[in-house]
>>> print(open('protein_13.txt').read())   # compact mmCIF, N, CA and C atoms
# COMPACT_ATOMS: atom_id res chain seq x y z
N LEU A 1 -11.92 6.87 -42.97
CA LEU A 1 -11.26 7.49 -41.84
C LEU A 1 -11.48 6.68 -40.57
N VAL A 2 -12.72 6.23 -40.38
CA VAL A 2 -13.04 5.44 -39.19
C VAL A 2 -12.25 4.14 -39.19
N VAL A 3 -12.18 3.49 -40.36
CA VAL A 3 -11.42 2.24 -40.46
C VAL A 3 -9.95 2.49 -40.15
N ALA A 4 -9.40 3.59 -40.64
CA ALA A 4 -8.00 3.91 -40.39
C ALA A 4 -7.75 4.14 -38.90
N VAL A 5 -8.64 4.86 -38.24
CA VAL A 5 -8.49 5.12 -36.80
C VAL A 5 -8.58 3.82 -36.01
N ILE A 6 -9.56 3.00 -36.32
CA ILE A 6 -9.72 1.72 -35.61
C ILE A 6 -8.52 0.83 -35.86
N THR A 7 -8.05 0.78 -37.09
CA THR A 7 -6.87 -0.04 -37.41
C THR A 7 -5.65 0.47 -36.64
N ALA A 8 -5.48 1.78 -36.55
CA ALA A 8 -4.36 2.34 -35.79
C ALA A 8 -4.47 1.96 -34.32
N LEU A 9 -5.68 2.02 -33.77
CA LEU A 9 -5.87 1.62 -32.37
C LEU A 9 -5.56 0.14 -32.16
N VAL A 10 -5.97 -0.69 -33.10
CA VAL A 10 -5.67 -2.12 -33.00
C VAL A 10 -4.17 -2.35 -33.09
N LEU A 11 -3.49 -1.62 -33.95
CA LEU A 11 -2.03 -1.76 -34.04
C LEU A 11 -1.36 -1.34 -32.73
N PHE A 12 -1.82 -0.24 -32.13
CA PHE A 12 -1.28 0.19 -30.85
C PHE A 12 -1.54 -0.87 -29.78
N TYR A 13 -2.76 -1.37 -29.74
CA TYR A 13 -3.14 -2.43 -28.80
C TYR A 13 -2.27 -3.67 -29.02
N SER A 14 -2.05 -4.01 -30.29
CA SER A 14 -1.24 -5.19 -30.62
C SER A 14 0.20 -5.01 -30.17
N ALA A 15 0.77 -3.83 -30.41
CA ALA A 15 2.15 -3.57 -29.99
C ALA A 15 2.26 -3.64 -28.47
N THR A 16 1.25 -3.11 -27.77
CA THR A 16 1.24 -3.16 -26.30
C THR A 16 1.19 -4.60 -25.81
N LEU A 17 0.32 -5.41 -26.42
CA LEU A 17 0.23 -6.83 -26.04
C LEU A 17 1.55 -7.55 -26.31
N LEU A 18 2.17 -7.24 -27.43
CA LEU A 18 3.44 -7.89 -27.77
C LEU A 18 4.51 -7.56 -26.72
N VAL A 19 4.63 -6.28 -26.39
CA VAL A 19 5.64 -5.86 -25.39
C VAL A 19 5.35 -6.51 -24.04
N MET A 20 4.08 -6.49 -23.63
CA MET A 20 3.72 -7.08 -22.33
C MET A 20 3.94 -8.58 -22.34
N GLY A 21 3.55 -9.23 -23.43
CA GLY A 21 3.73 -10.68 -23.52
C GLY A 21 5.19 -11.08 -23.42
N VAL A 22 6.04 -10.39 -24.15
CA VAL A 22 7.48 -10.67 -24.12
C VAL A 22 8.04 -10.40 -22.73
N ALA A 23 7.59 -9.33 -22.10
CA ALA A 23 8.08 -8.99 -20.75
C ALA A 23 7.68 -10.08 -19.75
N PHE A 24 6.47 -10.56 -19.82
CA PHE A 24 6.04 -11.62 -18.91
C PHE A 24 6.83 -12.90 -19.15
N ILE A 25 7.06 -13.24 -20.42
CA ILE A 25 7.84 -14.44 -20.73
C ILE A 25 9.26 -14.29 -20.22
N ALA A 26 9.84 -13.10 -20.39
CA ALA A 26 11.21 -12.86 -19.94
C ALA A 26 11.32 -12.93 -18.41
N ALA A 27 10.23 -12.62 -17.71
CA ALA A 27 10.24 -12.66 -16.24
C ALA A 27 10.36 -14.09 -15.73
N GLY A 28 9.93 -15.06 -16.54
CA GLY A 28 10.06 -16.46 -16.15
C GLY A 28 9.00 -16.89 -15.15
N GLY A 29 9.11 -18.12 -14.73
CA GLY A 29 8.17 -18.67 -13.75
C GLY A 29 6.75 -18.74 -14.29
N ALA A 30 5.79 -18.50 -13.40
CA ALA A 30 4.38 -18.55 -13.76
C ALA A 30 4.00 -17.43 -14.74
N ALA A 31 4.80 -16.37 -14.76
CA ALA A 31 4.52 -15.25 -15.65
C ALA A 31 4.61 -15.66 -17.12
N VAL A 32 5.33 -16.75 -17.41
CA VAL A 32 5.44 -17.23 -18.79
C VAL A 32 4.05 -17.57 -19.33
N LEU A 33 3.22 -18.19 -18.51
CA LEU A 33 1.87 -18.56 -18.95
C LEU A 33 1.04 -17.31 -19.27
N ILE A 34 1.19 -16.28 -18.45
CA ILE A 34 0.47 -15.03 -18.73
C ILE A 34 0.98 -14.43 -20.04
N GLY A 35 2.28 -14.45 -20.24
CA GLY A 35 2.86 -13.93 -21.48
C GLY A 35 2.38 -14.68 -22.70
N LEU A 36 2.33 -16.01 -22.59
CA LEU A 36 1.83 -16.81 -23.71
C LEU A 36 0.35 -16.52 -23.97
N GLY A 37 -0.40 -16.33 -22.89
CA GLY A 37 -1.81 -15.97 -23.04
C GLY A 37 -1.98 -14.64 -23.76
N LEU A 38 -1.15 -13.66 -23.39
CA LEU A 38 -1.21 -12.36 -24.06
C LEU A 38 -0.85 -12.48 -25.54
N LEU A 39 0.14 -13.30 -25.85
CA LEU A 39 0.52 -13.50 -27.25
C LEU A 39 -0.60 -14.22 -28.01
N GLY A 40 -1.31 -15.11 -27.33
CA GLY A 40 -2.46 -15.77 -27.95
C GLY A 40 -3.57 -14.78 -28.26
N ILE A 41 -3.83 -13.88 -27.31
CA ILE A 41 -4.83 -12.83 -27.54
C ILE A 41 -4.39 -11.95 -28.70
N LEU A 42 -3.10 -11.64 -28.75
CA LEU A 42 -2.56 -10.84 -29.85
C LEU A 42 -2.80 -11.53 -31.19
N GLY A 43 -2.50 -12.80 -31.25
CA GLY A 43 -2.72 -13.55 -32.49
C GLY A 43 -4.17 -13.52 -32.92
N GLY A 44 -5.07 -13.70 -31.96
CA GLY A 44 -6.50 -13.66 -32.27
C GLY A 44 -6.96 -12.30 -32.75
N SER A 45 -6.44 -11.25 -32.12
CA SER A 45 -6.86 -9.90 -32.53
C SER A 45 -6.33 -9.56 -33.91
N ILE A 46 -5.11 -9.97 -34.22
CA ILE A 46 -4.56 -9.73 -35.56
C ILE A 46 -5.36 -10.50 -36.60
N TRP A 47 -5.65 -11.76 -36.31
CA TRP A 47 -6.42 -12.59 -37.24
C TRP A 47 -7.78 -11.96 -37.51
N SER A 48 -8.50 -11.56 -36.46
CA SER A 48 -9.85 -11.02 -36.65
C SER A 48 -9.81 -9.66 -37.36
N THR A 49 -8.80 -8.86 -37.09
CA THR A 49 -8.68 -7.56 -37.76
C THR A 49 -8.42 -7.76 -39.25
N VAL A 50 -7.49 -8.63 -39.58
CA VAL A 50 -7.19 -8.89 -40.99
C VAL A 50 -8.42 -9.46 -41.69
N ARG A 51 -9.11 -10.36 -41.03
CA ARG A 51 -10.32 -10.97 -41.60
C ARG A 51 -11.38 -9.91 -41.89
N GLU A 52 -11.60 -9.01 -40.96
CA GLU A 52 -12.61 -7.97 -41.14
C GLU A 52 -12.19 -6.96 -42.22
N LEU A 53 -10.92 -6.61 -42.27
CA LEU A 53 -10.45 -5.70 -43.31
C LEU A 53 -10.60 -6.34 -44.70
N ARG A 54 -10.27 -7.61 -44.80
CA ARG A 54 -10.43 -8.32 -46.08
C ARG A 54 -11.89 -8.37 -46.49
N PHE A 55 -12.78 -8.63 -45.51
CA PHE A 55 -14.22 -8.66 -45.78
C PHE A 55 -14.68 -7.29 -46.29
N GLY A 56 -14.24 -6.24 -45.63
CA GLY A 56 -14.63 -4.89 -46.03
C GLY A 56 -14.16 -4.54 -47.43
N VAL A 57 -12.92 -4.86 -47.73
CA VAL A 57 -12.37 -4.56 -49.06
C VAL A 57 -13.12 -5.36 -50.13
N ALA A 58 -13.33 -6.65 -49.87
CA ALA A 58 -14.00 -7.50 -50.85
C ALA A 58 -15.45 -7.10 -51.05
N SER A 59 -16.16 -6.80 -49.97
CA SER A 59 -17.57 -6.42 -50.11
C SER A 59 -17.70 -5.07 -50.81
N THR A 60 -16.77 -4.16 -50.57
CA THR A 60 -16.78 -2.87 -51.26
C THR A 60 -16.52 -3.07 -52.75
N ARG A 61 -15.63 -3.97 -53.07
CA ARG A 61 -15.34 -4.27 -54.48
C ARG A 61 -16.59 -4.82 -55.17
N LEU A 62 -17.30 -5.71 -54.51
CA LEU A 62 -18.51 -6.27 -55.10
C LEU A 62 -19.59 -5.20 -55.26
N ALA A 63 -19.73 -4.33 -54.27
CA ALA A 63 -20.72 -3.25 -54.37
C ALA A 63 -20.41 -2.35 -55.56
N ARG A 64 -19.15 -2.02 -55.72
CA ARG A 64 -18.73 -1.17 -56.84
C ARG A 64 -19.01 -1.88 -58.16
N GLU A 65 -18.65 -3.14 -58.25
CA GLU A 65 -18.88 -3.92 -59.47
C GLU A 65 -20.37 -3.98 -59.80
N LEU A 66 -21.16 -4.26 -58.81
CA LEU A 66 -22.60 -4.41 -59.00
C LEU A 66 -23.25 -3.10 -59.42
N HIS A 67 -22.88 -2.02 -58.74
CA HIS A 67 -23.53 -0.74 -59.00
C HIS A 67 -22.96 -0.02 -60.22
N GLN A 68 -21.63 0.10 -60.30
CA GLN A 68 -21.03 0.88 -61.37
C GLN A 68 -20.95 0.11 -62.69
N VAL A 69 -20.61 -1.17 -62.62
CA VAL A 69 -20.44 -1.94 -63.85
C VAL A 69 -21.79 -2.47 -64.35
N ASP A 70 -22.56 -3.09 -63.45
CA ASP A 70 -23.82 -3.69 -63.86
C ASP A 70 -24.99 -2.71 -63.81
N GLY A 71 -24.83 -1.59 -63.10
CA GLY A 71 -25.89 -0.61 -63.02
C GLY A 71 -27.05 -1.01 -62.12
N VAL A 72 -26.81 -1.97 -61.24
CA VAL A 72 -27.86 -2.44 -60.34
C VAL A 72 -27.91 -1.54 -59.11
N PRO A 73 -29.10 -1.02 -58.76
CA PRO A 73 -29.19 -0.22 -57.53
C PRO A 73 -29.03 -1.12 -56.31
N LEU A 74 -28.21 -0.69 -55.37
CA LEU A 74 -27.98 -1.50 -54.17
C LEU A 74 -29.15 -1.41 -53.21
N GLU A 75 -29.80 -0.29 -53.19
CA GLU A 75 -30.94 -0.06 -52.29
C GLU A 75 -32.21 0.06 -53.10
N THR A 76 -33.22 -0.70 -52.70
CA THR A 76 -34.52 -0.59 -53.36
C THR A 76 -35.61 -0.24 -52.34
N VAL A 77 -35.19 0.07 -51.14
CA VAL A 77 -36.15 0.44 -50.10
C VAL A 77 -35.96 1.91 -49.76
N SER A 78 -37.05 2.51 -49.30
CA SER A 78 -36.95 3.91 -48.89
C SER A 78 -36.61 3.96 -47.41
N ARG A 79 -36.04 5.08 -47.01
CA ARG A 79 -35.65 5.28 -45.61
C ARG A 79 -36.32 6.53 -45.09
N ASP A 80 -36.61 6.53 -43.79
CA ASP A 80 -37.19 7.73 -43.18
C ASP A 80 -36.06 8.72 -42.86
N ALA A 81 -36.40 9.83 -42.24
CA ALA A 81 -35.41 10.87 -41.96
C ALA A 81 -34.28 10.39 -41.07
N GLN A 82 -34.54 9.39 -40.23
CA GLN A 82 -33.50 8.84 -39.34
C GLN A 82 -32.72 7.70 -40.01
N GLY A 83 -33.04 7.38 -41.26
CA GLY A 83 -32.32 6.33 -41.98
C GLY A 83 -32.89 4.94 -41.76
N ARG A 84 -34.04 4.83 -41.12
CA ARG A 84 -34.63 3.52 -40.85
C ARG A 84 -35.49 3.07 -42.02
N VAL A 85 -35.51 1.75 -42.21
CA VAL A 85 -36.31 1.13 -43.25
C VAL A 85 -37.60 0.62 -42.62
N ASP A 86 -38.71 0.81 -43.34
CA ASP A 86 -39.99 0.26 -42.89
C ASP A 86 -39.87 -1.27 -42.86
N PRO A 87 -40.19 -1.92 -41.74
CA PRO A 87 -40.06 -3.39 -41.64
C PRO A 87 -40.83 -4.15 -42.72
N ALA A 88 -42.00 -3.68 -43.08
CA ALA A 88 -42.78 -4.36 -44.13
C ALA A 88 -42.07 -4.27 -45.48
N GLU A 89 -41.49 -3.12 -45.75
CA GLU A 89 -40.75 -2.92 -47.00
C GLU A 89 -39.48 -3.78 -47.02
N ALA A 90 -38.82 -3.86 -45.86
CA ALA A 90 -37.61 -4.70 -45.75
C ALA A 90 -37.96 -6.17 -45.98
N GLN A 91 -39.09 -6.61 -45.44
CA GLN A 91 -39.53 -7.99 -45.62
C GLN A 91 -39.84 -8.28 -47.09
N ALA A 92 -40.50 -7.35 -47.76
CA ALA A 92 -40.81 -7.53 -49.18
C ALA A 92 -39.53 -7.59 -50.01
N GLU A 93 -38.59 -6.71 -49.68
CA GLU A 93 -37.30 -6.72 -50.38
C GLU A 93 -36.60 -8.06 -50.16
N TRP A 94 -36.60 -8.56 -48.93
CA TRP A 94 -35.97 -9.84 -48.63
C TRP A 94 -36.60 -10.96 -49.44
N GLN A 95 -37.92 -10.97 -49.54
CA GLN A 95 -38.60 -12.03 -50.30
C GLN A 95 -38.23 -11.98 -51.78
N ARG A 96 -38.16 -10.79 -52.36
CA ARG A 96 -37.76 -10.65 -53.77
C ARG A 96 -36.33 -11.16 -53.98
N ARG A 97 -35.46 -10.76 -53.09
CA ARG A 97 -34.05 -11.13 -53.26
C ARG A 97 -33.78 -12.60 -52.91
N LYS A 98 -34.55 -13.15 -52.01
CA LYS A 98 -34.44 -14.58 -51.71
C LYS A 98 -34.89 -15.39 -52.92
N ALA A 99 -35.94 -14.94 -53.60
CA ALA A 99 -36.41 -15.61 -54.81
C ALA A 99 -35.32 -15.55 -55.90
N TYR A 100 -34.60 -14.45 -55.97
CA TYR A 100 -33.49 -14.29 -56.92
C TYR A 100 -32.40 -15.32 -56.62
N VAL A 101 -32.06 -15.49 -55.34
CA VAL A 101 -31.05 -16.48 -54.96
C VAL A 101 -31.54 -17.90 -55.28
N ASP A 102 -32.81 -18.17 -55.00
CA ASP A 102 -33.37 -19.50 -55.30
C ASP A 102 -33.32 -19.79 -56.80
N ALA A 103 -33.53 -18.77 -57.63
CA ALA A 103 -33.51 -18.94 -59.08
C ALA A 103 -32.09 -19.02 -59.64
N ALA A 104 -31.15 -18.38 -58.95
CA ALA A 104 -29.76 -18.33 -59.44
C ALA A 104 -28.80 -18.51 -58.27
N PRO A 105 -28.72 -19.72 -57.71
CA PRO A 105 -27.92 -19.93 -56.49
C PRO A 105 -26.41 -19.76 -56.67
N ASP A 106 -25.94 -19.74 -57.90
CA ASP A 106 -24.50 -19.58 -58.14
C ASP A 106 -24.14 -18.18 -58.61
N ASP A 107 -25.09 -17.25 -58.53
CA ASP A 107 -24.86 -15.87 -58.96
C ASP A 107 -24.45 -15.02 -57.77
N TRP A 108 -23.23 -14.52 -57.80
CA TRP A 108 -22.75 -13.71 -56.68
C TRP A 108 -23.61 -12.48 -56.47
N ARG A 109 -24.17 -11.92 -57.56
CA ARG A 109 -25.00 -10.73 -57.45
C ARG A 109 -26.23 -10.99 -56.58
N ALA A 110 -26.85 -12.15 -56.81
CA ALA A 110 -28.05 -12.51 -56.04
C ALA A 110 -27.72 -12.59 -54.55
N TRP A 111 -26.60 -13.20 -54.23
CA TRP A 111 -26.20 -13.34 -52.82
C TRP A 111 -25.86 -12.00 -52.19
N TYR A 112 -25.20 -11.13 -52.96
CA TYR A 112 -24.85 -9.82 -52.42
C TYR A 112 -26.11 -9.01 -52.12
N LEU A 113 -27.04 -9.02 -53.06
CA LEU A 113 -28.29 -8.30 -52.87
C LEU A 113 -29.11 -8.88 -51.72
N LEU A 114 -29.04 -10.20 -51.55
CA LEU A 114 -29.72 -10.83 -50.41
C LEU A 114 -29.08 -10.36 -49.11
N GLY A 115 -27.76 -10.22 -49.11
CA GLY A 115 -27.07 -9.71 -47.93
C GLY A 115 -27.54 -8.32 -47.55
N ILE A 116 -27.73 -7.47 -48.55
CA ILE A 116 -28.25 -6.12 -48.28
C ILE A 116 -29.67 -6.20 -47.71
N ALA A 117 -30.46 -7.10 -48.28
CA ALA A 117 -31.84 -7.26 -47.78
C ALA A 117 -31.85 -7.74 -46.33
N TYR A 118 -30.97 -8.69 -46.01
CA TYR A 118 -30.87 -9.14 -44.61
C TYR A 118 -30.46 -7.98 -43.70
N ASP A 119 -29.52 -7.17 -44.17
CA ASP A 119 -29.08 -6.03 -43.37
C ASP A 119 -30.23 -5.05 -43.13
N ASN A 120 -30.99 -4.78 -44.17
CA ASN A 120 -32.15 -3.88 -44.03
C ASN A 120 -33.19 -4.46 -43.07
N ALA A 121 -33.24 -5.79 -43.00
CA ALA A 121 -34.18 -6.46 -42.09
C ALA A 121 -33.57 -6.62 -40.69
N LYS A 122 -32.38 -6.06 -40.48
CA LYS A 122 -31.68 -6.07 -39.19
C LYS A 122 -31.15 -7.44 -38.77
N ASP A 123 -30.93 -8.32 -39.74
CA ASP A 123 -30.36 -9.64 -39.46
C ASP A 123 -28.90 -9.60 -39.92
N ARG A 124 -28.04 -9.03 -39.07
CA ARG A 124 -26.63 -8.82 -39.44
C ARG A 124 -25.87 -10.13 -39.66
N ARG A 125 -26.15 -11.13 -38.87
CA ARG A 125 -25.44 -12.40 -39.01
C ARG A 125 -25.71 -13.01 -40.40
N GLN A 126 -26.96 -13.05 -40.79
CA GLN A 126 -27.31 -13.60 -42.10
C GLN A 126 -26.81 -12.70 -43.23
N ALA A 127 -26.81 -11.39 -42.99
CA ALA A 127 -26.30 -10.45 -44.00
C ALA A 127 -24.83 -10.73 -44.29
N ARG A 128 -24.06 -10.88 -43.24
CA ARG A 128 -22.63 -11.15 -43.43
C ARG A 128 -22.41 -12.50 -44.10
N ALA A 129 -23.19 -13.49 -43.72
CA ALA A 129 -23.06 -14.82 -44.33
C ALA A 129 -23.38 -14.77 -45.82
N ALA A 130 -24.43 -14.05 -46.19
CA ALA A 130 -24.80 -13.95 -47.60
C ALA A 130 -23.72 -13.20 -48.39
N ILE A 131 -23.19 -12.14 -47.81
CA ILE A 131 -22.15 -11.38 -48.52
C ILE A 131 -20.86 -12.19 -48.60
N ARG A 132 -20.55 -12.96 -47.57
CA ARG A 132 -19.38 -13.85 -47.65
C ARG A 132 -19.56 -14.87 -48.79
N ARG A 133 -20.78 -15.39 -48.93
CA ARG A 133 -21.08 -16.33 -50.02
C ARG A 133 -20.88 -15.62 -51.36
N ALA A 134 -21.34 -14.38 -51.47
CA ALA A 134 -21.18 -13.61 -52.71
C ALA A 134 -19.69 -13.42 -53.02
N ILE A 135 -18.90 -13.13 -52.01
CA ILE A 135 -17.45 -12.94 -52.20
C ILE A 135 -16.83 -14.23 -52.72
N THR A 136 -17.19 -15.35 -52.11
CA THR A 136 -16.65 -16.65 -52.55
C THR A 136 -17.01 -16.93 -54.00
N LEU A 137 -18.27 -16.73 -54.36
CA LEU A 137 -18.71 -16.97 -55.74
C LEU A 137 -18.02 -16.02 -56.71
N PHE A 138 -17.86 -14.76 -56.33
CA PHE A 138 -17.18 -13.79 -57.18
C PHE A 138 -15.72 -14.22 -57.41
N GLN A 139 -15.05 -14.63 -56.35
CA GLN A 139 -13.65 -15.05 -56.48
C GLN A 139 -13.53 -16.30 -57.32
N GLN A 140 -14.47 -17.22 -57.20
CA GLN A 140 -14.45 -18.43 -58.04
C GLN A 140 -14.62 -18.07 -59.50
N ARG A 141 -15.44 -17.07 -59.78
CA ARG A 141 -15.67 -16.62 -61.15
C ARG A 141 -14.41 -16.02 -61.74
N GLN A 142 -13.56 -15.41 -60.89
CA GLN A 142 -12.34 -14.77 -61.34
C GLN A 142 -11.28 -15.79 -61.76
N HIS A 143 -11.39 -17.00 -61.25
CA HIS A 143 -10.34 -18.01 -61.52
C HIS A 143 -10.74 -18.96 -62.61
>>> encode(input="protein_13.txt", output="structure tokens")
Amino acid sequence: LVVAVITALVLFYSATLLVMGVAFIAAGGAAVLIGLGLLGILGGSIWSTVRELRFGVASTRLARELHQVDGVPLETVSRDAQGRVDPAEAQAEWQRRKAYVDAAPDDWRAWYLLGIAYDNAKDRRQARAAIRRAITLFQQRQH
């Protein structure tokens, strides 16, 4: 539901940028540059939205494959009442999963699980990079 609402807002924002960009270009003169700038922003927002939606769909597919097909638990750490992971437990999980990646660097499962470990350790940038690597390896396996 949240993704649908955000996507709808982005579509509304995109339509507004398109209308404004075209209007500025139609006005002529220096306004053409503003219109082109708005269309550039529109292109960037569409690209990033599509990229994030594709990432979400692909990572969800891998999670489903890993958990439902392979029976691998996605979470091996406990959480407190607020949903937080103990930092020491997150570090131990990261070390186990990093060792898995080192032992099997071409296994998409290892990379996906490492991504979860990075996320539990609050390193979102590395989490996304590891999951992107898992997606790439999974797609290569499909071909």
>>> select_by_dssp(input="protein_13.txt", residues="chain A", states="alpha helix (DSSP H)", output="NGL selection string")
:A and (2-27 or 31-64 or 87-103 or 108-120 or 124-142)
>>> atom_distance(input="protein_13.txt", atom1="CA of Pro87 (chain A)", atom2="atom N of Tyr118 (chain A)")
11.4 Å
>>> residues_near_point(input="protein_13.txt", point="(5.3, -12.0, -22.3)", cutoff="6.5 Å", atoms="only N, CA and C atoms", output="number ranges by chain")
A: 18-26, 31-32, 34-36, 39
>>> axis_aligned_box(input="protein_13.txt", around="region 40-49 of chain A", padding_each_side="8 Å", output="lines of an AutoDock Vina configuration file")
center_x = -5.6
center_y = -11.7
center_z = -33.3
size_x = 24.5
size_y = 24.2
size_z = 27.9
>>> residues_around(input="protein_13.txt", residues="region 94-108 of chain A", least_positions_apart="5", cutoff="6.5 Å", atoms="only N, CA and C atoms", output="PyMOL selection string")
chain A and resi 89+113-114+117-118+133-135+137-138
>>> atom_distance(input="protein_13.txt", atom1="atom N of Gly28 (chain A)", atom2="atom C of Ile41 (chain A)")
19.0 Å
>>> residues_around(input="protein_13.txt", residues="Ala63 (chain A)", least_positions_apart="5", cutoff="8 Å", atoms="only N, CA and C atoms", output="PyMOL selection string")
chain A and resi 57-58+68-69+74+112
>>> atom_distance(input="protein_13.txt", atom1="atom C of Gln82 (chain A)", atom2="CA of Val5 (chain A)")
24.6 Å
>>> closest_residue(input="protein_13.txt", among="A:Leu17, A:Ala4, A:Ala127, A:Ala110", to="Leu53 (chain A)", atoms="only C-alpha atoms")
A:Ala4
>>> closest_residue(input="protein_13.txt", among="A:Ser14, A:Leu62, A:Ala27, A:Thr136", to="Ser45 (chain A)", atoms="all atoms listed in the file")
A:Ser14
>>> decode(input="protein_13.txt", residues="region 15-30 of chain A", atoms="N, CA and C atoms", output="tab-separated table (two decimals), in the first residue's frame")
chain	number	residue	atom	x	y	z
A	15	ALA	N	3.67	14.22	-13.71
A	15	ALA	CA	2.74	14.87	-14.62
A	15	ALA	C	2.81	16.39	-14.45
A	16	THR	N	2.93	16.86	-13.20
A	16	THR	CA	3.05	18.30	-12.94
A	16	THR	C	4.32	18.85	-13.56
A	17	LEU	N	5.43	18.14	-13.40
A	17	LEU	CA	6.69	18.59	-14.00
A	17	LEU	C	6.59	18.63	-15.52
A	18	LEU	N	5.94	17.63	-16.09
A	18	LEU	CA	5.79	17.58	-17.55
A	18	LEU	C	4.99	18.79	-18.04
A	19	VAL	N	3.87	19.06	-17.41
A	19	VAL	CA	3.02	20.19	-17.82
A	19	VAL	C	3.79	21.50	-17.66
A	20	MET	N	4.47	21.67	-16.53
A	20	MET	CA	5.22	22.91	-16.29
A	20	MET	C	6.37	23.04	-17.27
A	21	GLY	N	7.08	21.94	-17.51
A	21	GLY	CA	8.20	21.98	-18.44
A	21	GLY	C	7.76	22.38	-19.84
A	22	VAL	N	6.69	21.78	-20.31
A	22	VAL	CA	6.16	22.10	-21.65
A	22	VAL	C	5.70	23.56	-21.69
A	23	ALA	N	5.06	24.02	-20.63
A	23	ALA	CA	4.58	25.41	-20.59
A	23	ALA	C	5.75	26.39	-20.64
A	24	PHE	N	6.81	26.11	-19.91
A	24	PHE	CA	7.97	26.99	-19.95
A	24	PHE	C	8.62	27.00	-21.33
A	25	ILE	N	8.72	25.82	-21.94
A	25	ILE	CA	9.31	25.74	-23.29
A	25	ILE	C	8.45	26.50	-24.28
A	26	ALA	N	7.12	26.36	-24.16
A	26	ALA	CA	6.21	27.05	-25.07
A	26	ALA	C	6.28	28.57	-24.90
A	27	ALA	N	6.64	29.03	-23.70
A	27	ALA	CA	6.74	30.47	-23.44
A	27	ALA	C	7.90	31.09	-24.21
A	28	GLY	N	8.91	30.29	-24.52
A	28	GLY	CA	10.04	30.78	-25.29
A	28	GLY	C	11.02	31.58	-24.45
A	29	GLY	N	12.02	32.10	-25.12
A	29	GLY	CA	13.03	32.91	-24.45
A	29	GLY	C	13.82	32.12	-23.42
A	30	ALA	N	14.17	32.79	-22.33
A	30	ALA	CA	14.95	32.18	-21.26
A	30	ALA	C	14.16	31.08	-20.55
